[in-house]
Amino acid sequence: MSAKLMHSQLNNLRLLELRLWLLVSLAALAVAGALALGLALARTPGVQDWLPSGPDFFHKALVTHVVFSFQVWLLAMLAAASTQGRAAPLPGLVGVGLTIAGCALLLLVTLAGWGEASLNNYVPVLDHPLYLAGLGLIAVGIGCALLRPGNDMTAMAFAYAVALICFAVAVLRLPSDLDAGFRYERLFWGGGHVLQFVNTGLIMWAWRRLAGGGDTPLSRLAFALLAAGAAAALVIEFRLDPLGLSWRRAYTDMLWYLLPLPPIVLAADMLWRRRRMGGIAGMALWTSWLVFALGGVAGFALGAGDTRTPSHYHAMIGGVNVALMGVIHAALLPTLGRAVASLRLVRWQIGLYGGGQMLHALGFYLAGLAGVARKTAGAEQGLDSAVKLASMGVVGLGGAIAVLGGVLFVGHVLARLVRHD
Amino acid sequence: MIRALPIAAFAVLAMFWPGWTEPEADMGEAVEATAFIARVHAYAGLYSEDAPAGEIPMLARRFEFYPAVRLQSGQSYRLLLMAEDAVHSVVVNGREMLLVPGMVQAVELSPRPGDVVELRCNEYCGLGHNRMRLRIH
């Protein structure tokens with residue numbers, strides 16, 4: 001076989017891997033959307049009795065909705081990003097297979113109604129061995145892509161490895177006889193925090209792809225700071241007791257002090273060097289910065305148990321998602337030869353999703369200031385003033401607009417990916 | 001040079017950051033759990049709402065603080081809190097303590113008129129965790 005032919009086959013495998021990771025990412029969003037519909041059905045009298053586990057389906061669907069829309073979508077996108085370097089495609093293709101198998105297990109347990117739901121932070125779970133096995137397969141599958149030789153995303157790969165170490169250390173250190181809720185909270189607290197460094201690395205990667213241009217000393221510093229920040233988790237694990245309060249607070253401090261600087265350094269460097277950024281990439285970049293900055297500011301003024309917390313994370317996730325939407329349209333689909341024809345539709349997707357998320361987060365923040373508790377619904381919310389009612393109305397309106405943008409995006413990109421060439 | 005900077009900063013933080021070196025917070029005083037629970041129930045039978053000044057034994061359990069007492073302005077109280085069924089925590093006046101079965105944590109409170117005092121669980125304890133709060137003044 002000639003060198004040219006081998007090179008061509010390698011390229012084809014890389015493109016196949018990228019397409020598969022994108023399909024997994026987008027399918028994760030589609031599944032999360034379908035489960036969100038299930039959440040609504042689980043609250044509908046009459047219909048709820050026909051669901052796999054009756055009214056309990058609400059919490060089970062909520063768990064898997066969060067896992068797919070937050071963890072699987074972002075990590076599969078990270079794996080898709082890892083195909084852009086010189087990495088060998090074979091471990092990545094194995095990773096795709098493991099991730100799909102893991103996702104199938106999560107769905108099986110959810111739809112069969114097995115296991116009790118635990119709405120712990122970061123990675124909520126259904127307390128069932130097959131669900132945990134599914135999460136494990138996904139973690140290994142993503143690891144196959146990220147931790148392979150030749151991957152250019154060193155800082156994110158390092159942070160991901162630290163997160164896996166934190167999960168493993170927690171499994172070993174936590175006593176087996178703990179109450180399930182507390183056990184899962186502590187099991188996923190440390191690694192879950194470190195995954196926020198991974199997600200931040202993902203948005204930083206997306207910003208750089210959208211802006212174009214090569215490495216600079218400041219961009220290298222930003223990614224080195226990110227890796228150093230994630231490494232702090234190792235110090236916490238080796239110095240503090242995972243059952244104590246200091247351990248829990250140390251992770252909060254870690255995000256508070258070490259996470260904001262890397263994206264700020266990178267954004268400042270990009271703004272300094274490239275003042276004019278237009279087109280779809282420019283629109284996605286500016287929208288992402290705006291939504292992400294709003295979430296970042298909200299993160300420094302969180303309340304205690306009120307809706308300012310969801311305001312923060314909806315805006316942060318919104319900022320990441322807008323950047324990823326932009327990268328998919330501006331860089332990844334064209335790489336696959338599947339660029340979209342209608343840029344107008346892409347602008348609508350980014351505008352609706354980004355604008356909707358901003359309204360959604362702003363409404364949550366105002367509602368939190370007025371005293372609305374988080375994770376409550378119906379009468380529990382205590383919407384006893386005009387400010388609370390109006391701000392929660394803004395939450396609903398923003399959410400509906402963002403969902404519209406998200407549905408347009410998922411439908412459009414999935415159609416491009418499965419199109420027969 | 002650039003890569004060395006964060007490594008040096010990290011080493012300094014790792015060695016000297018007080019958040020990583022502070023000793024684990026006191027978990028409270030060990031008690032006989034069954035006897036403490038009986039004491040709480042006896043107290044709840046006597047004082048259903050307005051609590052007299054002094055010690056108030058309370059339980060944190062899914063998903064409430066029991067009994068649901070009301071403190072009076074200008075009085076001094078000492079809340080004695082223990083978890084009954086699983087690990088919980090209590091946040092009151094910006095301070096948090098972990099609550100575990102068999103260990104009692106004490107909180108001194110002297111509410112003034114207009115003060116809002118609320119007990120809130122800040123350690124995930126189950127699906128009703130976000131409901132686990134009690135306004136006591």
# chains A, B, ... in the order shown; residues from 1 in each chain; ligands from 1

$ select_by_dssp --residues "chain B" --states "strand (DSSP E or B)" --output "CSV table (one decimal) with N, CA and C atoms, in the first residue's frame"
chain,number,residue,atom,x,y,z
B,29,GLU,N,-20.6,16.9,69.7
B,29,GLU,CA,-20.4,16.1,70.9
B,29,GLU,C,-21.2,14.8,70.8
B,30,ALA,N,-20.5,13.7,71.1
B,30,ALA,CA,-21.1,12.4,70.9
B,30,ALA,C,-22.2,12.1,72.0
B,50,ASP,N,-44.1,28.6,70.3
B,50,ASP,CA,-43.2,29.5,70.9
B,50,ASP,C,-42.3,28.9,71.9
B,54,GLY,N,-33.4,29.3,76.3
B,54,GLY,CA,-32.7,28.1,76.8
B,54,GLY,C,-32.4,27.1,75.8
B,55,GLU,N,-32.1,25.9,76.2
B,55,GLU,CA,-31.7,24.9,75.2
B,55,GLU,C,-33.0,24.3,74.5
B,56,ILE,N,-32.8,24.1,73.2
B,56,ILE,CA,-33.8,23.5,72.3
B,56,ILE,C,-33.2,22.3,71.6
B,57,PRO,N,-33.6,21.1,72.0
B,57,PRO,CA,-33.1,19.9,71.2
B,57,PRO,C,-33.9,19.8,69.9
B,58,MET,N,-33.2,19.6,68.8
B,58,MET,CA,-33.8,19.4,67.5
B,58,MET,C,-33.2,18.3,66.7
B,59,LEU,N,-34.1,17.8,65.8
B,59,LEU,CA,-33.6,16.7,64.9
B,59,LEU,C,-33.6,17.2,63.5
B,60,ALA,N,-32.6,16.9,62.7
B,60,ALA,CA,-32.6,17.1,61.3
B,60,ALA,C,-32.9,15.7,60.6
B,61,ARG,N,-34.0,15.7,59.9
B,61,ARG,CA,-34.3,14.4,59.2
B,61,ARG,C,-35.0,14.7,57.9
B,64,GLU,N,-36.9,17.8,57.0
B,64,GLU,CA,-37.4,18.8,57.9
B,64,GLU,C,-36.5,18.9,59.1
B,65,PHE,N,-36.6,20.1,59.8
B,65,PHE,CA,-36.0,20.2,61.1
B,65,PHE,C,-37.2,20.1,62.1
B,66,TYR,N,-37.0,19.3,63.1
B,66,TYR,CA,-38.1,19.0,64.1
B,66,TYR,C,-37.7,19.2,65.5
B,70,ARG,N,-40.7,28.3,67.1
B,70,ARG,CA,-40.6,29.8,66.8
B,70,ARG,C,-39.8,30.4,68.0
B,77,TYR,N,-31.0,31.6,73.0
B,77,TYR,CA,-31.3,30.2,72.8
B,77,TYR,C,-30.0,29.4,72.5
B,78,ARG,N,-30.1,28.1,72.8
B,78,ARG,CA,-29.0,27.3,72.4
B,78,ARG,C,-29.6,26.1,71.7
B,79,LEU,N,-29.5,26.0,70.4
B,79,LEU,CA,-30.1,24.9,69.6
B,79,LEU,C,-29.1,23.8,69.7
B,80,LEU,N,-29.7,22.6,70.0
B,80,LEU,CA,-28.8,21.4,70.0
B,80,LEU,C,-29.4,20.5,68.8
B,81,LEU,N,-28.6,20.3,67.8
B,81,LEU,CA,-29.0,19.7,66.6
B,81,LEU,C,-28.3,18.3,66.3
B,82,MET,N,-29.1,17.3,66.0
B,82,MET,CA,-28.6,16.0,65.6
B,82,MET,C,-29.3,15.5,64.4
B,83,ALA,N,-28.6,14.8,63.5
B,83,ALA,CA,-29.3,14.2,62.4
B,83,ALA,C,-29.9,12.8,62.9
B,88,HIS,N,-26.9,15.2,57.3
B,88,HIS,CA,-27.5,16.5,56.8
B,88,HIS,C,-26.5,17.6,57.2
B,89,SER,N,-26.9,18.8,57.0
B,89,SER,CA,-26.1,19.9,57.5
B,89,SER,C,-27.1,21.0,57.9
B,90,VAL,N,-26.6,22.0,58.7
B,90,VAL,CA,-27.4,23.1,59.0
B,90,VAL,C,-26.6,24.4,58.7
B,91,VAL,N,-27.3,25.3,57.9
B,91,VAL,CA,-26.7,26.6,57.7
B,91,VAL,C,-27.6,27.6,58.5
B,92,VAL,N,-27.0,28.3,59.4
B,92,VAL,CA,-27.8,29.3,60.2
B,92,VAL,C,-26.9,30.5,60.4
B,95,ARG,N,-23.3,30.4,59.0
B,95,ARG,CA,-22.4,29.4,59.4
B,95,ARG,C,-23.0,28.0,59.1
B,96,GLU,N,-22.1,27.1,58.7
B,96,GLU,CA,-22.6,25.7,58.4
B,96,GLU,C,-21.9,24.7,59.3
B,97,MET,N,-22.7,23.7,59.7
B,97,MET,CA,-22.2,22.6,60.4
B,97,MET,C,-22.7,21.3,59.9
B,98,LEU,N,-21.9,20.3,59.8
B,98,LEU,CA,-22.4,19.0,59.3
B,98,LEU,C,-23.1,18.3,60.5
B,99,LEU,N,-24.2,17.6,60.2
B,99,LEU,CA,-25.0,16.9,61.2
B,99,LEU,C,-25.0,15.4,60.9
B,103,MET,N,-24.1,12.6,66.9
B,103,MET,CA,-23.3,13.7,67.3
B,103,MET,C,-24.2,15.0,67.3
B,104,VAL,N,-24.0,15.7,68.4
B,104,VAL,CA,-24.9,16.9,68.6
B,104,VAL,C,-24.0,18.2,68.4
B,105,GLN,N,-24.5,19.1,67.5
B,105,GLN,CA,-23.9,20.4,67.3
B,105,GLN,C,-24.7,21.4,68.0
B,106,ALA,N,-24.1,22.4,68.6
B,106,ALA,CA,-24.8,23.5,69.3
B,106,ALA,C,-24.6,24.8,68.5
B,107,VAL,N,-25.7,25.6,68.5
B,107,VAL,CA,-25.8,26.9,67.9
B,107,VAL,C,-26.4,27.9,68.9
B,108,GLU,N,-25.7,29.0,69.2
B,108,GLU,CA,-26.2,30.0,70.1
B,108,GLU,C,-26.9,31.1,69.2
B,109,LEU,N,-28.1,31.4,69.6
B,109,LEU,CA,-28.9,32.4,68.9
B,109,LEU,C,-29.6,33.4,69.8
B,118,GLU,N,-33.2,31.4,59.7
B,118,GLU,CA,-33.7,30.2,59.0
B,118,GLU,C,-32.7,29.1,59.1
B,119,LEU,N,-33.2,27.9,59.3
B,119,LEU,CA,-32.3,26.7,59.3
B,119,LEU,C,-32.4,26.1,57.9
B,120,ARG,N,-31.3,25.8,57.3
B,120,ARG,CA,-31.4,25.2,56.0
B,120,ARG,C,-30.3,24.1,55.9
B,133,ARG,N,-35.9,23.3,55.0
B,133,ARG,CA,-35.6,24.6,55.6
B,133,ARG,C,-36.7,25.0,56.5
B,134,LEU,N,-36.3,25.7,57.6
B,134,LEU,CA,-37.3,26.1,58.6
B,134,LEU,C,-37.0,27.5,59.1
B,135,ARG,N,-38.0,28.4,58.9
B,135,ARG,CA,-37.8,29.7,59.4
B,135,ARG,C,-38.2,29.7,60.9

$ residues_around --residues "segment 336-346 of chain A" --least-positions-apart "4" --cutoff "9 Å" --atoms "only C-alpha atoms" --output "PDB file with N, CA and C atoms, in the first residue's frame"
ATOM      1  N   LEU A  15     -12.161  11.464   9.680  1.00  0.00           N
ATOM      2  CA  LEU A  15     -13.427  12.127   9.361  1.00  0.00           C
ATOM      3  C   LEU A  15     -14.611  11.289   9.852  1.00  0.00           C
ATOM      4  N   LEU A  16     -14.471   9.952   9.709  1.00  0.00           N
ATOM      5  CA  LEU A  16     -15.532   9.069  10.212  1.00  0.00           C
ATOM      6  C   LEU A  16     -15.676   9.240  11.721  1.00  0.00           C
ATOM      7  N   LEU A  18     -14.838  11.843  13.567  1.00  0.00           N
ATOM      8  CA  LEU A  18     -15.426  13.152  13.865  1.00  0.00           C
ATOM      9  C   LEU A  18     -16.935  13.120  13.649  1.00  0.00           C
ATOM     10  N   ARG A  19     -17.351  12.512  12.551  1.00  0.00           N
ATOM     11  CA  ARG A  19     -18.785  12.453  12.254  1.00  0.00           C
ATOM     12  C   ARG A  19     -19.527  11.656  13.331  1.00  0.00           C
ATOM     13  N   ILE A 280     -20.532  34.094  10.838  1.00  0.00           N
ATOM     14  CA  ILE A 280     -21.147  33.196  11.821  1.00  0.00           C
ATOM     15  C   ILE A 280     -20.210  32.995  13.014  1.00  0.00           C
ATOM     16  N   MET A 325     -22.040  25.579  19.136  1.00  0.00           N
ATOM     17  CA  MET A 325     -22.910  25.690  17.949  1.00  0.00           C
ATOM     18  C   MET A 325     -22.136  26.393  16.829  1.00  0.00           C
ATOM     19  N   GLY A 326     -21.438  27.454  17.207  1.00  0.00           N
ATOM     20  CA  GLY A 326     -20.663  28.200  16.217  1.00  0.00           C
ATOM     21  C   GLY A 326     -19.559  27.352  15.608  1.00  0.00           C
ATOM     22  N   HIS A 329     -20.957  24.759  13.138  1.00  0.00           N
ATOM     23  CA  HIS A 329     -21.360  25.339  11.854  1.00  0.00           C
ATOM     24  C   HIS A 329     -20.176  25.914  11.079  1.00  0.00           C
ATOM     25  N   ALA A 330     -19.268  26.598  11.792  1.00  0.00           N
ATOM     26  CA  ALA A 330     -18.214  27.333  11.093  1.00  0.00           C
ATOM     27  C   ALA A 330     -16.995  26.481  10.782  1.00  0.00           C
ATOM     28  N   ALA A 331     -16.778  25.400  11.548  1.00  0.00           N
ATOM     29  CA  ALA A 331     -15.540  24.642  11.352  1.00  0.00           C
ATOM     30  C   ALA A 331     -15.767  23.145  11.109  1.00  0.00           C
ATOM     31  N   LEU A 332     -16.560  22.494  11.982  1.00  0.00           N
ATOM     32  CA  LEU A 332     -16.597  21.031  11.920  1.00  0.00           C
ATOM     33  C   LEU A 332     -17.422  20.502  10.743  1.00  0.00           C
ATOM     34  N   ILE A 350     -28.361  30.666  16.609  1.00  0.00           N
ATOM     35  CA  ILE A 350     -27.451  31.242  17.601  1.00  0.00           C
ATOM     36  C   ILE A 350     -28.139  32.389  18.340  1.00  0.00           C
ATOM     37  N   GLY A 351     -28.842  33.221  17.586  1.00  0.00           N
ATOM     38  CA  GLY A 351     -29.516  34.367  18.195  1.00  0.00           C
ATOM     39  C   GLY A 351     -30.604  33.934  19.159  1.00  0.00           C
ATOM     40  N   LEU A 408     -34.034  23.904  16.686  1.00  0.00           N
ATOM     41  CA  LEU A 408     -33.644  24.223  15.304  1.00  0.00           C
ATOM     42  C   LEU A 408     -32.228  23.717  15.032  1.00  0.00           C
ATOM     43  N   PHE A 409     -31.327  23.993  15.986  1.00  0.00           N
ATOM     44  CA  PHE A 409     -29.918  23.598  15.838  1.00  0.00           C
ATOM     45  C   PHE A 409     -29.775  22.076  15.742  1.00  0.00           C
ATOM     46  N   HIS A 412     -31.367  20.640  12.536  1.00  0.00           N
ATOM     47  CA  HIS A 412     -30.629  21.055  11.348  1.00  0.00           C
ATOM     48  C   HIS A 412     -29.306  20.290  11.212  1.00  0.00           C
ATOM     49  N   VAL A 413     -28.545  20.234  12.311  1.00  0.00           N
ATOM     50  CA  VAL A 413     -27.217  19.599  12.250  1.00  0.00           C
ATOM     51  C   VAL A 413     -27.358  18.074  12.109  1.00  0.00           C
ATOM     52  N   ARG A 416     -27.951  17.277   8.610  1.00  0.00           N
ATOM     53  CA  ARG A 416     -26.721  17.377   7.806  1.00  0.00           C
ATOM     54  C   ARG A 416     -25.824  16.151   8.022  1.00  0.00           C
ATOM     55  N   LEU A 417     -25.789  15.667   9.253  1.00  0.00           N
ATOM     56  CA  LEU A 417     -24.870  14.564   9.581  1.00  0.00           C
ATOM     57  C   LEU A 417     -25.340  13.225   9.022  1.00  0.00           C
ATOM     58  N   ARG A 419     -27.326  12.859   6.417  1.00  0.00           N
ATOM     59  CA  ARG A 419     -27.608  12.936   4.983  1.00  0.00           C
ATOM     60  C   ARG A 419     -26.753  11.919   4.210  1.00  0.00           C
TER      61      ARG A 419
END

$ closest_atom_pairs --of "chain A" --to "chain B" --cutoff "10 Å" --atoms "only C-alpha atoms" --output "JSON lines"
{"residue": "A:His59", "atom": "CA", "partner": "B:Leu127", "partner_atom": "CA", "distance": 8.2}
{"residue": "A:Glu116", "atom": "CA", "partner": "B:Leu127", "partner_atom": "CA", "distance": 9.9}
{"residue": "A:Ala117", "atom": "CA", "partner": "B:Leu127", "partner_atom": "CA", "distance": 7.7}
{"residue": "A:Ser118", "atom": "CA", "partner": "B:Gly126", "partner_atom": "CA", "distance": 6.5}
{"residue": "A:Leu119", "atom": "CA", "partner": "B:Leu127", "partner_atom": "CA", "distance": 6.4}
{"residue": "A:Asn120", "atom": "CA", "partner": "B:Tyr124", "partner_atom": "CA", "distance": 6.3}
{"residue": "A:Asn121", "atom": "CA", "partner": "B:Tyr124", "partner_atom": "CA", "distance": 8.0}
{"residue": "A:Leu178", "atom": "CA", "partner": "B:Ala86", "partner_atom": "CA", "distance": 8.3}
{"residue": "A:Asp179", "atom": "CA", "partner": "B:Ala86", "partner_atom": "CA", "distance": 6.3}
{"residue": "A:Ala180", "atom": "CA", "partner": "B:Gly126", "partner_atom": "CA", "distance": 8.4}
{"residue": "A:Gly181", "atom": "CA", "partner": "B:Cys125", "partner_atom": "CA", "distance": 5.3}
{"residue": "A:Phe182", "atom": "CA", "partner": "B:Cys125", "partner_atom": "CA", "distance": 5.8}
{"residue": "A:Arg183", "atom": "CA", "partner": "B:Cys125", "partner_atom": "CA", "distance": 9.4}
{"residue": "A:Tyr184", "atom": "CA", "partner": "B:Tyr124", "partner_atom": "CA", "distance": 9.1}
{"residue": "A:Glu185", "atom": "CA", "partner": "B:Tyr124", "partner_atom": "CA", "distance": 6.4}
{"residue": "A:Arg186", "atom": "CA", "partner": "B:Tyr124", "partner_atom": "CA", "distance": 9.1}
{"residue": "A:Pro217", "atom": "CA", "partner": "B:Ile2", "partner_atom": "CA", "distance": 7.2}
{"residue": "A:Leu218", "atom": "CA", "partner": "B:Ile2", "partner_atom": "CA", "distance": 8.3}
{"residue": "A:Arg220", "atom": "CA", "partner": "B:Ile2", "partner_atom": "CA", "distance": 7.6}
{"residue": "A:Leu221", "atom": "CA", "partner": "B:Ile2", "partner_atom": "CA", "distance": 5.9}
{"residue": "A:Ala222", "atom": "CA", "partner": "B:Pro6", "partner_atom": "CA", "distance": 9.3}
{"residue": "A:Phe223", "atom": "CA", "partner": "B:Arg3", "partner_atom": "CA", "distance": 9.3}
{"residue": "A:Ala224", "atom": "CA", "partner": "B:Arg3", "partner_atom": "CA", "distance": 6.1}
{"residue": "A:Leu225", "atom": "CA", "partner": "B:Pro6", "partner_atom": "CA", "distance": 5.5}
{"residue": "A:Leu226", "atom": "CA", "partner": "B:Pro6", "partner_atom": "CA", "distance": 8.9}
{"residue": "A:Ala227", "atom": "CA", "partner": "B:Pro6", "partner_atom": "CA", "distance": 8.7}
{"residue": "A:Ala228", "atom": "CA", "partner": "B:Pro6", "partner_atom": "CA", "distance": 6.1}
{"residue": "A:Gly229", "atom": "CA", "partner": "B:Phe10", "partner_atom": "CA", "distance": 7.5}
{"residue": "A:Ala231", "atom": "CA", "partner": "B:Phe10", "partner_atom": "CA", "distance": 8.3}
{"residue": "A:Ala232", "atom": "CA", "partner": "B:Ala14", "partner_atom": "CA", "distance": 7.1}
{"residue": "A:Ala233", "atom": "CA", "partner": "B:Ala14", "partner_atom": "CA", "distance": 9.9}
{"residue": "A:Leu234", "atom": "CA", "partner": "B:Ala14", "partner_atom": "CA", "distance": 9.7}
{"residue": "A:Val235", "atom": "CA", "partner": "B:Ala14", "partner_atom": "CA", "distance": 6.5}
{"residue": "A:Ile236", "atom": "CA", "partner": "B:Trp20", "partner_atom": "CA", "distance": 6.5}
{"residue": "A:Glu237", "atom": "CA", "partner": "B:Trp20", "partner_atom": "CA", "distance": 9.8}
{"residue": "A:Phe238", "atom": "CA", "partner": "B:Trp20", "partner_atom": "CA", "distance": 10.0}
{"residue": "A:Arg239", "atom": "CA", "partner": "B:Trp20", "partner_atom": "CA", "distance": 7.0}
{"residue": "A:Leu240", "atom": "CA", "partner": "B:Trp20", "partner_atom": "CA", "distance": 7.3}
{"residue": "A:Asp241", "atom": "CA", "partner": "B:Glu24", "partner_atom": "CA", "distance": 7.6}
{"residue": "A:Leu243", "atom": "CA", "partner": "B:Leu98", "partner_atom": "CA", "distance": 9.6}
{"residue": "A:Gly244", "atom": "CA", "partner": "B:Glu24", "partner_atom": "CA", "distance": 6.4}
{"residue": "A:Leu245", "atom": "CA", "partner": "B:Ala25", "partner_atom": "CA", "distance": 6.7}
{"residue": "A:Ser246", "atom": "CA", "partner": "B:Glu24", "partner_atom": "CA", "distance": 5.8}
{"residue": "A:Trp247", "atom": "CA", "partner": "B:Trp20", "partner_atom": "CA", "distance": 8.0}
{"residue": "A:Arg248", "atom": "CA", "partner": "B:Glu123", "partner_atom": "CA", "distance": 9.7}
{"residue": "A:Arg249", "atom": "CA", "partner": "B:Gly19", "partner_atom": "CA", "distance": 7.8}
{"residue": "A:Ala250", "atom": "CA", "partner": "B:Gly19", "partner_atom": "CA", "distance": 5.9}
{"residue": "A:Tyr251", "atom": "CA", "partner": "B:Gly19", "partner_atom": "CA", "distance": 9.5}
{"residue": "A:Asp253", "atom": "CA", "partner": "B:Gly19", "partner_atom": "CA", "distance": 7.6}
{"residue": "A:Met254", "atom": "CA", "partner": "B:Gly19", "partner_atom": "CA", "distance": 9.4}
{"residue": "A:Leu258", "atom": "CA", "partner": "B:Phe10", "partner_atom": "CA", "distance": 9.7}
{"residue": "A:Ala304", "atom": "CA", "partner": "B:Asn122", "partner_atom": "CA", "distance": 8.9}
{"residue": "A:Gly305", "atom": "CA", "partner": "B:Asn130", "partner_atom": "CA", "distance": 7.4}
{"residue": "A:Asp306", "atom": "CA", "partner": "B:Asn130", "partner_atom": "CA", "distance": 9.5}
{"residue": "A:Ala373", "atom": "CA", "partner": "B:Asn130", "partner_atom": "CA", "distance": 7.8}
{"residue": "A:Arg374", "atom": "CA", "partner": "B:Asn130", "partner_atom": "CA", "distance": 7.2}
{"residue": "A:Lys375", "atom": "CA", "partner": "B:Asn130", "partner_atom": "CA", "distance": 6.6}
{"residue": "A:Thr376", "atom": "CA", "partner": "B:Asn130", "partner_atom": "CA", "distance": 7.5}
{"residue": "A:Glu380", "atom": "CA", "partner": "B:Arg131", "partner_atom": "CA", "distance": 8.3}

$ closest_residue --among "A:Gly33, A:Gly299, A:Gly85, A:Gly46" --to "Val66 of chain A" --atoms "only C-alpha atoms"
A:Gly33

$ atom_distance --atom1 "atom CA of Leu352 of chain A" --atom2 "atom CA of Leu23 of chain A"
22.5 Å

$ atom_distance --atom1 "atom CA of Leu132 of chain A" --atom2 "atom CA of Leu98 of chain A"
13.8 Å

$ select_by_dssp --residues "segment 29-122 of chain B" --states "helix (DSSP H, G or I)" --output "ChimeraX atom specification"
/B:33-46

$ write_last_selection --atoms "C-alpha atoms" --output "PDB file, in the first residue's frame"
ATOM      1  CA  ALA B  33     -28.786   8.806  69.679  1.00  0.00           C
ATOM      2  CA  THR B  34     -31.899   7.022  71.006  1.00  0.00           C
ATOM      3  CA  ALA B  35     -31.892   9.022  74.242  1.00  0.00           C
ATOM      4  CA  PHE B  36     -31.463  12.312  72.346  1.00  0.00           C
ATOM      5  CA  ILE B  37     -34.355  11.459  70.003  1.00  0.00           C
ATOM      6  CA  ALA B  38     -36.555  10.716  73.042  1.00  0.00           C
ATOM      7  CA  ARG B  39     -35.524  14.076  74.514  1.00  0.00           C
ATOM      8  CA  VAL B  40     -36.553  15.881  71.317  1.00  0.00           C
ATOM      9  CA  HIS B  41     -39.954  14.179  71.270  1.00  0.00           C
ATOM     10  CA  ALA B  42     -40.513  15.065  74.933  1.00  0.00           C
ATOM     11  CA  TYR B  43     -39.612  18.702  74.192  1.00  0.00           C
ATOM     12  CA  ALA B  44     -41.893  18.786  71.141  1.00  0.00           C
ATOM     13  CA  GLY B  45     -44.762  17.522  73.305  1.00  0.00           C
ATOM     14  CA  LEU B  46     -44.274  20.464  75.698  1.00  0.00           C
TER      15      LEU B  46
END

$ atom_distance --atom1 "atom CA of Arg112 of chain B" --atom2 "atom CA of Gly74 of chain B"
5.4 Å

$ residues_around --residues "segment 354-360 of chain A" --least-positions-apart "4" --cutoff "6 Å" --atoms "only C-alpha atoms" --output "PDB file with N, CA and C atoms, in the first residue's frame"
ATOM      1  N   GLY A 318     -24.966  27.966  28.718  1.00  0.00           N
ATOM      2  CA  GLY A 318     -25.427  28.644  27.508  1.00  0.00           C
ATOM      3  C   GLY A 318     -24.252  29.202  26.716  1.00  0.00           C
ATOM      4  N   ILE A 350     -28.361  30.666  16.609  1.00  0.00           N
ATOM      5  CA  ILE A 350     -27.451  31.242  17.601  1.00  0.00           C
ATOM      6  C   ILE A 350     -28.139  32.389  18.340  1.00  0.00           C
ATOM      7  N   VAL A 395     -38.151  33.935  33.078  1.00  0.00           N
ATOM      8  CA  VAL A 395     -37.484  32.619  33.026  1.00  0.00           C
ATOM      9  C   VAL A 395     -38.166  31.729  31.984  1.00  0.00           C
ATOM     10  N   GLY A 398     -37.713  33.181  28.313  1.00  0.00           N
ATOM     11  CA  GLY A 398     -36.342  32.954  27.850  1.00  0.00           C
ATOM     12  C   GLY A 398     -36.101  31.488  27.562  1.00  0.00           C
ATOM     13  N   GLY A 399     -36.600  30.622  28.453  1.00  0.00           N
ATOM     14  CA  GLY A 399     -36.427  29.178  28.277  1.00  0.00           C
ATOM     15  C   GLY A 399     -37.079  28.713  26.979  1.00  0.00           C
ATOM     16  N   ILE A 401     -37.717  30.465  24.281  1.00  0.00           N
ATOM     17  CA  ILE A 401     -36.958  30.965  23.115  1.00  0.00           C
ATOM     18  C   ILE A 401     -35.687  30.133  22.917  1.00  0.00           C
ATOM     19  N   ALA A 402     -34.996  29.840  24.039  1.00  0.00           N
ATOM     20  CA  ALA A 402     -33.760  29.051  23.948  1.00  0.00           C
ATOM     21  C   ALA A 402     -34.045  27.646  23.414  1.00  0.00           C
TER      22      ALA A 402
END
